[in-house]
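This is entry22.pdb (PDB, C-alpha atoms, pLDDT in the B column).
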ATOM      1  CA  ASP A   7      -4.821  31.788 -16.057  1.00 54.00           C
ATOM      2  CA  THR A   8      -6.668  28.832 -17.585  1.00 75.00           C
ATOM      3  CA  GLY A   9      -4.638  26.047 -15.992  1.00 91.00           C
ATOM      4  CA  VAL A  10      -5.674  23.590 -13.303  1.00 94.00           C
ATOM      5  CA  SER A  11      -6.155  25.280  -9.947  1.00 95.00           C
ATOM      6  CA  GLN A  12      -6.292  23.778  -6.473  1.00 96.00           C
ATOM      7  CA  ASP A  13      -7.399  25.177  -3.160  1.00 97.00           C
ATOM      8  CA  PRO A  14      -6.035  25.450  -0.558  1.00 97.00           C
ATOM      9  CA  ARG A  15      -2.357  25.290  -1.420  1.00 95.00           C
ATOM     10  CA  HIS A  16      -1.438  24.320   2.123  1.00 96.00           C
ATOM     11  CA  LYS A  17      -3.403  22.750   4.959  1.00 98.00           C
ATOM     12  CA  ILE A  18      -2.296  21.944   8.486  1.00 98.00           C
ATOM     13  CA  THR A  19      -4.711  19.928  10.589  1.00 98.00           C
ATOM     14  CA  LYS A  20      -4.782  17.836  13.718  1.00 97.00           C
ATOM     15  CA  ARG A  21      -5.140  14.091  13.632  1.00 97.00           C
ATOM     16  CA  GLY A  22      -8.780  13.045  13.588  1.00 97.00           C
ATOM     17  CA  GLN A  23     -10.051  16.158  11.810  1.00 98.00           C
ATOM     18  CA  ASN A  24     -11.734  16.129   8.408  1.00 98.00           C
ATOM     19  CA  VAL A  25     -10.297  18.077   5.482  1.00 98.00           C
ATOM     20  CA  THR A  26     -11.628  18.898   2.022  1.00 98.00           C
ATOM     21  CA  PHE A  27      -9.653  19.973  -1.017  1.00 98.00           C
ATOM     22  CA  ARG A  28     -10.959  21.476  -4.225  1.00 98.00           C
ATOM     23  CA  CYS A  29      -9.742  21.162  -7.801  1.00 98.00           C
ATOM     24  CA  ASP A  30     -10.857  23.241 -10.775  1.00 97.00           C
ATOM     25  CA  PRO A  31      -9.767  21.608 -14.033  1.00 96.00           C
ATOM     26  CA  ILE A  32      -9.141  23.237 -17.387  1.00 94.00           C
ATOM     27  CA  SER A  33     -12.642  24.143 -18.477  1.00 91.00           C
ATOM     28  CA  GLU A  34     -13.067  21.959 -21.552  1.00 89.00           C
ATOM     29  CA  HIS A  35     -11.436  18.873 -20.018  1.00 93.00           C
ATOM     30  CA  ASN A  36     -13.716  15.889 -19.393  1.00 93.00           C
ATOM     31  CA  ARG A  37     -11.318  13.861 -17.312  1.00 94.00           C
ATOM     32  CA  LEU A  38     -10.146  14.775 -13.827  1.00 95.00           C
ATOM     33  CA  TYR A  39      -7.598  12.843 -11.789  1.00 95.00           C
ATOM     34  CA  TRP A  40      -6.380  12.858  -8.203  1.00 97.00           C
ATOM     35  CA  TYR A  41      -2.875  11.744  -7.220  1.00 96.00           C
ATOM     36  CA  ARG A  42      -0.944  11.690  -3.967  1.00 96.00           C
ATOM     37  CA  GLN A  43       2.772  12.407  -3.712  1.00 94.00           C
ATOM     38  CA  THR A  44       4.826  11.711  -0.616  1.00 93.00           C
ATOM     39  CA  LEU A  45       8.287  13.100  -0.049  1.00 87.00           C
ATOM     40  CA  GLY A  46      10.896  11.616  -2.362  1.00 83.00           C
ATOM     41  CA  GLN A  47       8.383   9.588  -4.350  1.00 88.00           C
ATOM     42  CA  GLY A  48       6.555   9.946  -7.605  1.00 91.00           C
ATOM     43  CA  PRO A  49       2.844  10.728  -7.601  1.00 94.00           C
ATOM     44  CA  GLU A  50       0.509   7.765  -7.070  1.00 94.00           C
ATOM     45  CA  PHE A  51      -2.895   7.520  -8.700  1.00 93.00           C
ATOM     46  CA  LEU A  52      -5.919   7.777  -6.400  1.00 96.00           C
ATOM     47  CA  THR A  53      -9.003   8.126  -8.595  1.00 95.00           C
ATOM     48  CA  TYR A  54     -10.377   9.663 -11.767  1.00 94.00           C
ATOM     49  CA  PHE A  55     -13.612  11.000 -13.222  1.00 95.00           C
ATOM     50  CA  GLN A  56     -15.040  11.099 -16.707  1.00 93.00           C
ATOM     51  CA  ASN A  57     -17.405  14.050 -16.443  1.00 93.00           C
ATOM     52  CA  GLU A  58     -19.312  13.398 -13.194  1.00 94.00           C
ATOM     53  CA  ALA A  59     -18.762   9.631 -13.146  1.00 94.00           C
ATOM     54  CA  GLN A  60     -16.020   8.212 -10.955  1.00 94.00           C
ATOM     55  CA  LEU A  61     -14.573   5.453 -13.139  1.00 92.00           C
ATOM     56  CA  GLU A  62     -11.677   4.058 -11.144  1.00 91.00           C
ATOM     57  CA  LYS A  63     -10.435   4.116  -7.574  1.00 92.00           C
ATOM     58  CA  SER A  64      -7.044   2.938  -6.387  1.00 91.00           C
ATOM     59  CA  ARG A  65      -6.681   0.566  -3.463  1.00 88.00           C
ATOM     60  CA  LEU A  66      -4.777   3.468  -1.880  1.00 83.00           C
ATOM     61  CA  LEU A  67      -8.112   5.214  -1.497  1.00 86.00           C
ATOM     62  CA  SER A  68      -9.296   3.919   1.858  1.00 89.00           C
ATOM     63  CA  ASP A  69     -12.878   4.333   3.040  1.00 93.00           C
ATOM     64  CA  ARG A  70     -11.833   7.540   4.812  1.00 96.00           C
ATOM     65  CA  PHE A  71     -11.304   9.149   1.411  1.00 96.00           C
ATOM     66  CA  SER A  72     -14.129  10.281  -0.829  1.00 96.00           C
ATOM     67  CA  ALA A  73     -14.058  12.242  -4.056  1.00 97.00           C
ATOM     68  CA  GLU A  74     -16.878  13.880  -5.956  1.00 96.00           C
ATOM     69  CA  ARG A  75     -17.370  15.767  -9.168  1.00 96.00           C
ATOM     70  CA  PRO A  76     -21.074  16.603  -8.926  1.00 91.00           C
ATOM     71  CA  LYS A  77     -21.544  18.677 -12.067  1.00 88.00           C
ATOM     72  CA  GLY A  78     -18.670  17.375 -14.108  1.00 87.00           C
ATOM     73  CA  SER A  79     -16.623  20.508 -13.514  1.00 92.00           C
ATOM     74  CA  PHE A  80     -14.761  21.041 -10.226  1.00 96.00           C
ATOM     75  CA  SER A  81     -13.985  18.154  -7.895  1.00 98.00           C
ATOM     76  CA  THR A  82     -13.550  17.775  -4.161  1.00 98.00           C
ATOM     77  CA  LEU A  83     -11.458  15.268  -2.251  1.00 98.00           C
ATOM     78  CA  GLU A  84     -12.401  14.751   1.391  1.00 97.00           C
ATOM     79  CA  ILE A  85     -10.357  12.913   3.975  1.00 97.00           C
ATOM     80  CA  GLN A  86     -12.190  11.983   7.156  1.00 97.00           C
ATOM     81  CA  ARG A  87     -10.513  11.291  10.489  1.00 97.00           C
ATOM     82  CA  THR A  88      -7.102  12.272   9.174  1.00 97.00           C
ATOM     83  CA  GLU A  89      -4.035  10.307  10.219  1.00 97.00           C
ATOM     84  CA  GLN A  90      -0.394  11.364  10.217  1.00 96.00           C
ATOM     85  CA  GLY A  91       0.204   9.008   7.297  1.00 95.00           C
ATOM     86  CA  ASP A  92      -2.127  11.136   5.188  1.00 96.00           C
ATOM     87  CA  SER A  93       0.470  13.924   5.157  1.00 97.00           C
ATOM     88  CA  ALA A  94       1.382  14.373   1.505  1.00 96.00           C
ATOM     89  CA  MET A  95       0.944  16.567  -1.543  1.00 96.00           C
ATOM     90  CA  TYR A  96      -2.410  15.976  -3.202  1.00 97.00           C
ATOM     91  CA  LEU A  97      -2.301  16.651  -6.922  1.00 96.00           C
ATOM     92  CA  CYS A  98      -5.134  17.157  -9.338  1.00 96.00           C
ATOM     93  CA  ALA A  99      -4.824  16.816 -13.103  1.00 94.00           C
ATOM     94  CA  SER A 100      -7.179  17.082 -16.054  1.00 94.00           C
ATOM     95  CA  SER A 101      -7.217  15.951 -19.655  1.00 91.00           C
ATOM     96  CA  LEU A 102      -9.472  16.127 -22.683  1.00 90.00           C
ATOM     97  CA  LYS A 103      -9.989  12.394 -22.991  1.00 80.00           C
ATOM     98  CA  ASP A 104      -8.528   8.977 -22.321  1.00 70.00           C
ATOM     99  CA  GLY A 105      -4.852   8.873 -23.168  1.00 67.00           C
ATOM    100  CA  ALA A 106      -4.533  12.609 -23.716  1.00 75.00           C
ATOM    101  CA  THR A 107      -1.902  14.658 -21.950  1.00 84.00           C
ATOM    102  CA  GLN A 108      -2.725  15.347 -18.326  1.00 89.00           C
ATOM    103  CA  TYR A 109      -2.101  18.827 -16.992  1.00 91.00           C
ATOM    104  CA  PHE A 110      -1.363  19.147 -13.305  1.00 93.00           C
ATOM    105  CA  GLY A 111      -2.372  21.720 -10.743  1.00 93.00           C
ATOM    106  CA  PRO A 112       0.049  23.123  -8.146  1.00 92.00           C
ATOM    107  CA  GLY A 113      -1.105  20.680  -5.486  1.00 95.00           C
ATOM    108  CA  THR A 114      -2.394  20.932  -1.939  1.00 96.00           C
ATOM    109  CA  ARG A 115       0.202  20.135   0.688  1.00 96.00           C
ATOM    110  CA  LEU A 116      -1.393  18.496   3.730  1.00 98.00           C
ATOM    111  CA  LEU A 117       0.323  18.194   7.077  1.00 98.00           C
ATOM    112  CA  VAL A 118      -1.411  16.176   9.783  1.00 98.00           C
ATOM    113  CA  LEU A 119      -0.071  16.832  13.260  1.00 96.00           C
TER     114      LEU A 119
ATOM    115  CA  GLY B   1       0.862  -4.520 -13.732  1.00 84.00           C
ATOM    116  CA  ASP B   2       2.278  -1.551 -15.563  1.00 89.00           C
ATOM    117  CA  SER B   3       5.339   0.060 -13.984  1.00 92.00           C
ATOM    118  CA  VAL B   4       8.145   2.542 -14.565  1.00 95.00           C
ATOM    119  CA  THR B   5      11.705   2.234 -13.299  1.00 96.00           C
ATOM    120  CA  GLN B   6      14.033   5.183 -13.499  1.00 95.00           C
ATOM    121  CA  MET B   7      17.560   5.956 -12.511  1.00 88.00           C
ATOM    122  CA  GLU B   8      17.945   6.772  -8.854  1.00 87.00           C
ATOM    123  CA  GLY B   9      19.354  10.103  -7.888  1.00 85.00           C
ATOM    124  CA  PRO B  10      20.569  12.452  -6.915  1.00 94.00           C
ATOM    125  CA  VAL B  11      22.528  13.247 -10.042  1.00 96.00           C
ATOM    126  CA  THR B  12      25.002  16.106  -9.814  1.00 97.00           C
ATOM    127  CA  LEU B  13      26.629  17.525 -12.945  1.00 97.00           C
ATOM    128  CA  SER B  14      28.600  20.564 -13.915  1.00 97.00           C
ATOM    129  CA  GLU B  15      27.090  23.145 -16.210  1.00 97.00           C
ATOM    130  CA  GLU B  16      27.376  22.232 -19.917  1.00 96.00           C
ATOM    131  CA  ALA B  17      27.770  18.516 -19.142  1.00 97.00           C
ATOM    132  CA  PHE B  18      25.847  15.853 -21.051  1.00 97.00           C
ATOM    133  CA  LEU B  19      22.840  14.420 -19.244  1.00 97.00           C
ATOM    134  CA  THR B  20      21.246  10.994 -19.438  1.00 97.00           C
ATOM    135  CA  ILE B  21      18.527   9.822 -17.069  1.00 97.00           C
ATOM    136  CA  ASN B  22      17.551   6.217 -17.737  1.00 97.00           C
ATOM    137  CA  CYS B  23      13.950   5.064 -17.757  1.00 97.00           C
ATOM    138  CA  THR B  24      12.477   1.655 -18.551  1.00 97.00           C
ATOM    139  CA  TYR B  25       8.894   0.569 -18.436  1.00 96.00           C
ATOM    140  CA  THR B  26       6.680  -2.481 -18.267  1.00 94.00           C
ATOM    141  CA  ALA B  27       3.270  -2.303 -19.902  1.00 91.00           C
ATOM    142  CA  THR B  28       0.743  -4.707 -21.349  1.00 86.00           C
ATOM    143  CA  GLY B  29      -0.387  -2.421 -24.158  1.00 82.00           C
ATOM    144  CA  TYR B  30       1.142   0.480 -26.054  1.00 84.00           C
ATOM    145  CA  PRO B  31       1.133   3.368 -23.615  1.00 90.00           C
ATOM    146  CA  SER B  32       2.155   6.932 -24.207  1.00 91.00           C
ATOM    147  CA  LEU B  33       5.403   7.867 -22.461  1.00 94.00           C
ATOM    148  CA  PHE B  34       6.198  11.137 -20.722  1.00 95.00           C
ATOM    149  CA  TRP B  35       8.831  13.046 -18.868  1.00 97.00           C
ATOM    150  CA  TYR B  36       7.526  15.469 -16.275  1.00 96.00           C
ATOM    151  CA  VAL B  37       9.659  17.985 -14.386  1.00 96.00           C
ATOM    152  CA  GLN B  38       9.119  19.479 -10.953  1.00 93.00           C
ATOM    153  CA  TYR B  39      11.117  22.623 -10.221  1.00 91.00           C
ATOM    154  CA  PRO B  40      11.699  23.569  -6.565  1.00 85.00           C
ATOM    155  CA  GLY B  41       8.479  24.851  -5.027  1.00 79.00           C
ATOM    156  CA  GLU B  42       6.443  24.324  -8.199  1.00 83.00           C
ATOM    157  CA  GLY B  43       3.958  21.807  -9.561  1.00 84.00           C
ATOM    158  CA  LEU B  44       4.510  19.072 -12.132  1.00 90.00           C
ATOM    159  CA  GLN B  45       5.067  20.270 -15.670  1.00 91.00           C
ATOM    160  CA  LEU B  46       5.015  18.171 -18.811  1.00 93.00           C
ATOM    161  CA  LEU B  47       8.496  18.292 -20.349  1.00 97.00           C
ATOM    162  CA  LEU B  48       8.008  16.035 -23.368  1.00 96.00           C
ATOM    163  CA  LYS B  49       6.049  13.047 -24.589  1.00 94.00           C
ATOM    164  CA  ALA B  50       5.969  10.303 -27.196  1.00 95.00           C
ATOM    165  CA  THR B  51       2.867   8.391 -28.184  1.00 92.00           C
ATOM    166  CA  LYS B  52       4.204   5.489 -30.262  1.00 91.00           C
ATOM    167  CA  ALA B  53       7.324   3.451 -30.913  1.00 93.00           C
ATOM    168  CA  ASP B  54      10.268   5.346 -32.437  1.00 95.00           C
ATOM    169  CA  ASP B  55       8.677   8.718 -31.719  1.00 96.00           C
ATOM    170  CA  LYS B  56      11.095  11.288 -30.342  1.00 97.00           C
ATOM    171  CA  GLY B  57       9.813  13.860 -27.882  1.00 97.00           C
ATOM    172  CA  SER B  58      11.783  17.053 -27.466  1.00 97.00           C
ATOM    173  CA  ASN B  59      11.519  20.321 -25.565  1.00 97.00           C
ATOM    174  CA  LYS B  60      13.939  22.902 -24.114  1.00 95.00           C
ATOM    175  CA  GLY B  61      16.926  20.951 -25.453  1.00 97.00           C
ATOM    176  CA  PHE B  62      15.788  17.701 -23.826  1.00 98.00           C
ATOM    177  CA  GLU B  63      15.056  14.627 -25.948  1.00 98.00           C
ATOM    178  CA  ALA B  64      13.748  11.108 -25.387  1.00 98.00           C
ATOM    179  CA  THR B  65      12.990   8.357 -27.893  1.00 98.00           C
ATOM    180  CA  TYR B  66      10.284   5.709 -27.398  1.00 97.00           C
ATOM    181  CA  ARG B  67      12.157   2.422 -27.799  1.00 96.00           C
ATOM    182  CA  LYS B  68       9.753  -0.488 -27.870  1.00 93.00           C
ATOM    183  CA  GLU B  69      12.459  -3.127 -28.376  1.00 94.00           C
ATOM    184  CA  THR B  70      14.248  -2.122 -25.174  1.00 95.00           C
ATOM    185  CA  THR B  71      11.116  -0.759 -23.410  1.00 96.00           C
ATOM    186  CA  SER B  72      13.028   2.423 -22.670  1.00 97.00           C
ATOM    187  CA  PHE B  73      12.511   6.189 -22.780  1.00 98.00           C
ATOM    188  CA  HIS B  74      15.806   7.683 -21.649  1.00 98.00           C
ATOM    189  CA  LEU B  75      16.009  11.447 -21.183  1.00 98.00           C
ATOM    190  CA  GLU B  76      19.015  13.250 -22.685  1.00 98.00           C
ATOM    191  CA  LYS B  77      20.316  16.792 -22.970  1.00 98.00           C
ATOM    192  CA  GLY B  78      23.542  17.788 -24.629  1.00 97.00           C
ATOM    193  CA  SER B  79      24.482  20.720 -22.389  1.00 96.00           C
ATOM    194  CA  VAL B  80      22.746  21.244 -19.051  1.00 97.00           C
ATOM    195  CA  GLN B  81      22.263  24.577 -17.317  1.00 97.00           C
ATOM    196  CA  VAL B  82      21.909  25.517 -13.666  1.00 96.00           C
ATOM    197  CA  SER B  83      18.248  26.270 -14.378  1.00 95.00           C
ATOM    198  CA  ASP B  84      17.690  22.579 -15.242  1.00 97.00           C
ATOM    199  CA  SER B  85      18.076  21.651 -11.568  1.00 97.00           C
ATOM    200  CA  ALA B  86      14.811  19.909 -10.678  1.00 96.00           C
ATOM    201  CA  VAL B  87      13.244  16.494 -10.105  1.00 95.00           C
ATOM    202  CA  TYR B  88      12.478  14.574 -13.291  1.00 97.00           C
ATOM    203  CA  PHE B  89       9.767  11.915 -13.475  1.00 96.00           C
ATOM    204  CA  CYS B  90       9.399   9.331 -16.200  1.00 97.00           C
ATOM    205  CA  ALA B  91       5.813   8.187 -16.646  1.00 95.00           C
ATOM    206  CA  LEU B  92       3.536   6.076 -18.787  1.00 93.00           C
ATOM    207  CA  SER B  93      -0.132   6.536 -19.471  1.00 88.00           C
ATOM    208  CA  ALA B  94      -2.910   4.176 -20.234  1.00 74.00           C
ATOM    209  CA  SER B  95      -5.927   5.767 -18.543  1.00 71.00           C
ATOM    210  CA  LYS B  96      -4.116   6.911 -15.404  1.00 82.00           C
ATOM    211  CA  ILE B  97      -0.477   7.935 -15.276  1.00 89.00           C
ATOM    212  CA  ILE B  98       2.054   5.675 -13.597  1.00 92.00           C
ATOM    213  CA  PHE B  99       5.123   7.564 -12.459  1.00 94.00           C
ATOM    214  CA  GLY B 100       8.644   6.517 -11.674  1.00 95.00           C
ATOM    215  CA  SER B 101      10.075   7.528  -8.325  1.00 94.00           C
ATOM    216  CA  GLY B 102      11.843  10.582  -9.720  1.00 95.00           C
ATOM    217  CA  THR B 103      15.452  11.611 -10.240  1.00 96.00           C
ATOM    218  CA  ARG B 104      16.756  14.725  -8.543  1.00 96.00           C
ATOM    219  CA  LEU B 105      19.164  16.635 -10.787  1.00 97.00           C
ATOM    220  CA  SER B 106      21.510  19.303  -9.462  1.00 96.00           C
ATOM    221  CA  ILE B 107      23.683  21.354 -11.801  1.00 96.00           C
ATOM    222  CA  ARG B 108      26.793  23.078 -10.444  1.00 95.00           C
ATOM    223  CA  PRO B 109      27.817  26.414 -12.013  1.00 93.00           C
TER     224      PRO B 109
END

Can you turn what I pasted into structure tokens?
Amino acid sequence: DTGVSQDPRHKITKRGQNVTFRCDPISEHNRLYWYRQTLGQGPEFLTYFQNEAQLEKSRLLSDRFSAERPKGSFSTLEIQRTEQGDSAMYLCASSLKDGATQYFGPGTRLLVL
Amino acid sequence: GDSVTQMEGPVTLSEEAFLTINCTYTATGYPSLFWYVQYPGEGLQLLLKATKADDKGSNKGFEATYRKETTSFHLEKGSVQVSDSAVYFCALSASKIIFGSGTRLSIRP
């Protein structure tokens, strides 16, 4: 399977804990995006990378959130000191270039107790 | 800023009925327009897209036409099936994708 993959698919954690999610994009794609989707809503943009450079961050991305793409391939999204409001599906997508079709991974569903 | 407004759901239809899900957008430039679908328990899948005015995207019997004059991208299908039951998201893309809130579609046998 050469699609976008995400790990883990599900994560349950206690409030105050740190969590880290991983995304592996389609191999030749330069752009990688993170979105968050809460129940009954459409996905909301969080941040994106062009190769290893993080080019844009949404105001939704508080200082407890950090994303990296150190070698321009896979990316990680870390949430520190999780809060119940962080419970959501975290989606990763990749594309060849600006404006190209984005292909989405299956998502990581986070539940903060 | 850029935004997408789509028809609120849920929408419930009988099998073989005609489907329209309305979508309008606001954008400063000339974005690409998309419909994504999310089947129960699955991730987002691209259903169709259109990259410029008057383009028609089509896939699996679904169609949508990029209407610049009405800033719309309505999704249509002539005869729906039970397997079309899903949540449908209209979206526009400049660099990032901006999604509508989704329309849940349920098809009765």

| request: Step by step, work through what the PyMOL selection byres ((chain A and resi 8) around 9) selects in the shown file, and finish by giving those residues as JSON, numbers by chain. | output: {"A": [7, 9, 10, 11, 31, 32, 33]}

Could the centre and edge lengths of an axis-aligned box, enclosing all atoms of region 87-90 of chain B in the file with 8 Å extra on each side, be given in Å to one decimal as JSON?
{"center_x": 11.3, "center_y": 12.9, "center_z": -13.2, "size_x": 19.8, "size_y": 23.2, "size_z": 22.1}

| task | Taking the file as shown, find all residues satisfying the ChimeraX specification (/B :<7) & /A and write them as a PyMOL selection string. | result | chain A and resi 47-49+51+104-105+110-113

| task | May I ask for the distance between CA of His16 (chain A) and CA of Pro76 (chain A), given in Å to one decimal place? | result |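 Taking CA of His16 (chain A) as the start and CA of Pro76 (chain A) as the end point, the length is 23.8 Å.
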
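For Ile85 (chain A), the set of protein, DNA and RNA residues having any atom at most 6 Å away, when counting all atoms listed in the file and skipping those fewer than 4 positions along the same chain, is A:Asn24, A:Val25, A:Arg70, A:Phe71.
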
| request: State, in Å with one decimal place, the distance from CA of Val4 (chain B) to CA of Ala50 (chain B). | output: 15.0 Å

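Comparing the minimum interatomic distances between Leu48 (chain B) and each of A:Gln108, A:Glu74, A:Asn57, A:Leu119, counting only C-alpha atoms, we find that A:Gln108 sits nearest.
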